[in-house]
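Single-structure report; data block below.
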Amino acid sequence: MAETGNIQRQRLTICIGDNTLSFTQPNTDAEGLPILFEPYVVKSGISMAANMRAALKEIKPAFDNPQRCRVLIDTPVLMMPMELFEEQDKDIFYTHAYPLHHQDVVLFNVLPELKAVVLFAINKDLKLVVDDNFQDASFICAMAPVWRYLHQRSFSGPRNKLYAYFREHRLDIFSFNQNHFKYCNSFETSHGHDALYYLLYVWKQLQLSPEHDEMHIVGDIPDRDWLFAELRKYLQKAYIINPSADFNRVPVTNIKGMPYHLLTLFVKGR
């Protein structure tokens, strides 16, 4: 059921990255952009839970003290086929893949159109802060809106497509085969040279055609011009996604600093 009126105004979206924190809500005023977007400057030396507690003291009164929120979390993910997923085993699988997260709360989102379940985690103290401040909180893997939208986009045209999303020194590379992931992996990278290596390595691993198939990159791309020029040396059909043009220049694309996964959530839904 669509949300309307006061219920919609009360819904706050919190976006949490490794070192970033922001708060977003639909703007009900007639003037200005349709979205209120407030980045919070994360203080180093204290935990994200402490940053969240301090941020909410400032943010909640400005956003009319919302009682409902959705939390977009950018943490390492574990992808599982839907038919193999059992909720009672999620902690075992996730902590086996990511041992350093054994004290975190493991969450999951179902991606029915991709026949997959994505596992992700949130620090237990951070989740406690959220639960203490909101009557109703839902948690979403940050990549879920991006996967869903670009999966739909992958059906345009006959060519295979490889996608790459850059943010916070991280690179997610993924591709689809009809209603399944063909490839999905994440790499730590802050330099264009590293990104070029990973992109071309995955391209070769998937045996994609440099003359026929397509690569699409988006986000906070390191060494953007250099990287794109290098990709075009090897691939005839490499493209940079312009969110404003891709989303038909909807007003929300004019908000500076909004990460692509948050933008996609508001334009295309989760």
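Ordering of the structure tokens sets the chain letters (A, B, ...); residue numbers start at 1 within each chain; ligands are numbered from 1 in the order shown.
Within the 7 Å cut-off around segment 63-69 of chain A, using only C-alpha atoms and omitting residues fewer than 2 positions from it on the same chain, the listed residues are Gln10, Arg11, Leu12, Thr13, Ile59, Lys60, Pro61, Val71, Phe134, Gln135, Asp136, Ala137 and Ser138 of chain A.
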Which residues of segment 99-191 of chain A come within 8 Å of segment 78-85 of chain A, and what is each one's closest atom pair and distance in Å (one decimal), counting only C-alpha atoms, sorted by chain and residue number, as CSV?
```
residue,atom,partner,partner_atom,distance
A:Val110,CA,A:Met82,CA,7.7
A:Pro112,CA,A:Met82,CA,7.9
A:Lys115,CA,A:Met82,CA,5.3
A:Ala116,CA,A:Met82,CA,4.5
A:Val117,CA,A:Met80,CA,5.2
A:Val118,CA,A:Met79,CA,4.6
A:Leu119,CA,A:Leu78,CA,5.0
A:Phe120,CA,A:Leu78,CA,6.6
```
If we count only C-alpha atoms, what is near segment 184-192 of chain A at a cut-off of 7 Å, once residues fewer than 3 positions away on the same chain are taken out, given as a VMD selection string? chain A and resid 169 to 175 181 195 to 196 222 to 223 227
Go through segment 20-235 of chain A and collect every residue that DSSP, computed from the backbone, puts in helix (DSSP H, G or I); the answer should be as a ChimeraX atom specification. /A:48-62,82-84,87-97,99-101,112-114,124-133,144-153,192-205,224-234
What parts of segment 33-265 of chain A does DSSP call strand (DSSP E)? I'd like the answer as a PyMOL selection string. chain A and resi 35-40+68-73+78-81+105-111+116-122+136-141+161-167+170-177+180-188+214-219+238-240
Give me the residues of segment 176-253 of chain A that have any atom at most 9 Å from an atom of segment 142-158 of chain A; for each, the nearest atom pair and the distance in Å, rounded to one decimal. Use only C-alpha atoms, sort by chain and number, and format it as JSON lines.
```
{"residue": "A:Phe176", "atom": "CA", "partner": "A:His151", "partner_atom": "CA", "distance": 6.6}
{"residue": "A:Asn177", "atom": "CA", "partner": "A:Ser154", "partner_atom": "CA", "distance": 8.9}
{"residue": "A:Gln178", "atom": "CA", "partner": "A:Phe155", "partner_atom": "CA", "distance": 7.8}
{"residue": "A:Asn179", "atom": "CA", "partner": "A:His151", "partner_atom": "CA", "distance": 8.1}
{"residue": "A:Phe181", "atom": "CA", "partner": "A:His151", "partner_atom": "CA", "distance": 8.9}
{"residue": "A:Asp213", "atom": "CA", "partner": "A:Pro158", "partner_atom": "CA", "distance": 8.9}
```
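Residue nearest Trp203 of chain A within the list A:Asn242, A:Asn133, A:Thr264, A:Asn160: A:Asn160 [criterion: smallest interatomic distance, only C-alpha atoms].
When only C-alpha atoms are used to measure the gap to Val250 of chain A, the shortest distance among A:Leu235, A:Ser47, A:Lys268, A:Leu208 belongs to A:Lys268.
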List the neighbours of Ile14 of chain A out to 12 Å using only C-alpha atoms; skip same-chain residues closer than 6 positions along the sequence, and give me the result as a short mmCIF file (atom, residue, chain, number, x, y, z; two decimals) with C-alpha atoms, in the first residue's frame.
```
data_model
loop_
_atom_site.label_atom_id
_atom_site.label_comp_id
_atom_site.auth_asym_id
_atom_site.auth_seq_id
_atom_site.Cartn_x
_atom_site.Cartn_y
_atom_site.Cartn_z
CA THR A 20 29.49 8.31 6.11
CA LEU A 21 26.10 8.98 7.61
CA SER A 22 23.14 10.84 6.13
CA PHE A 23 19.44 11.44 6.75
CA THR A 24 16.82 11.86 4.03
CA GLN A 25 13.09 12.50 4.01
CA LEU A 36 15.48 16.83 2.35
CA PHE A 37 19.02 15.41 2.39
CA GLU A 38 21.24 16.05 5.42
CA PRO A 39 24.75 14.53 5.47
CA TYR A 40 26.29 14.24 8.94
CA MET A 52 24.49 7.98 15.28
CA ALA A 55 23.43 12.83 15.01
CA LEU A 56 19.89 11.84 16.01
CA ILE A 59 18.48 15.53 13.17
CA LYS A 60 15.24 14.15 14.64
CA PHE A 63 12.74 16.21 10.74
CA PRO A 66 9.91 10.76 12.92
CA ARG A 68 9.55 5.27 11.46
CA CYS A 69 12.75 4.82 9.49
CA ARG A 70 14.43 2.64 6.92
CA VAL A 71 18.17 2.12 7.25
CA LEU A 72 20.31 1.66 4.14
CA ILE A 73 23.49 -0.16 5.23
CA ASP A 74 26.66 -0.44 3.16
CA LYS A 127 21.31 -1.33 15.71
CA VAL A 130 18.31 2.77 15.91
CA PHE A 134 12.39 4.52 16.34
CA ALA A 137 12.85 0.41 11.63
CA SER A 138 13.52 -1.63 8.48
CA PHE A 139 17.01 -2.45 7.20
CA ILE A 140 18.05 -2.58 3.55
CA CYS A 141 21.33 -3.64 1.97
CA ALA A 142 22.69 -0.52 0.23
CA MET A 258 23.67 11.97 -2.55
CA LEU A 262 20.36 6.31 -2.10
CA LEU A 265 16.21 4.01 -3.79
#
```
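Atom CA of Val218 of chain A lies 26.6 Å from atom CA of Met48 of chain A.
The spacing separating atom CA of His261 of chain A from atom CA of Glu58 of chain A amounts to 24.2 Å.
With atom CA of Val77 of chain A on one side and atom CA of Val267 of chain A on the other, the separation reads 23.1 Å.
Counting only C-alpha atoms and comparing A:Val129, A:Leu114, A:Ile221, A:Ala238, the residue that lies closest to Tyr183 of chain A is A:Leu114.
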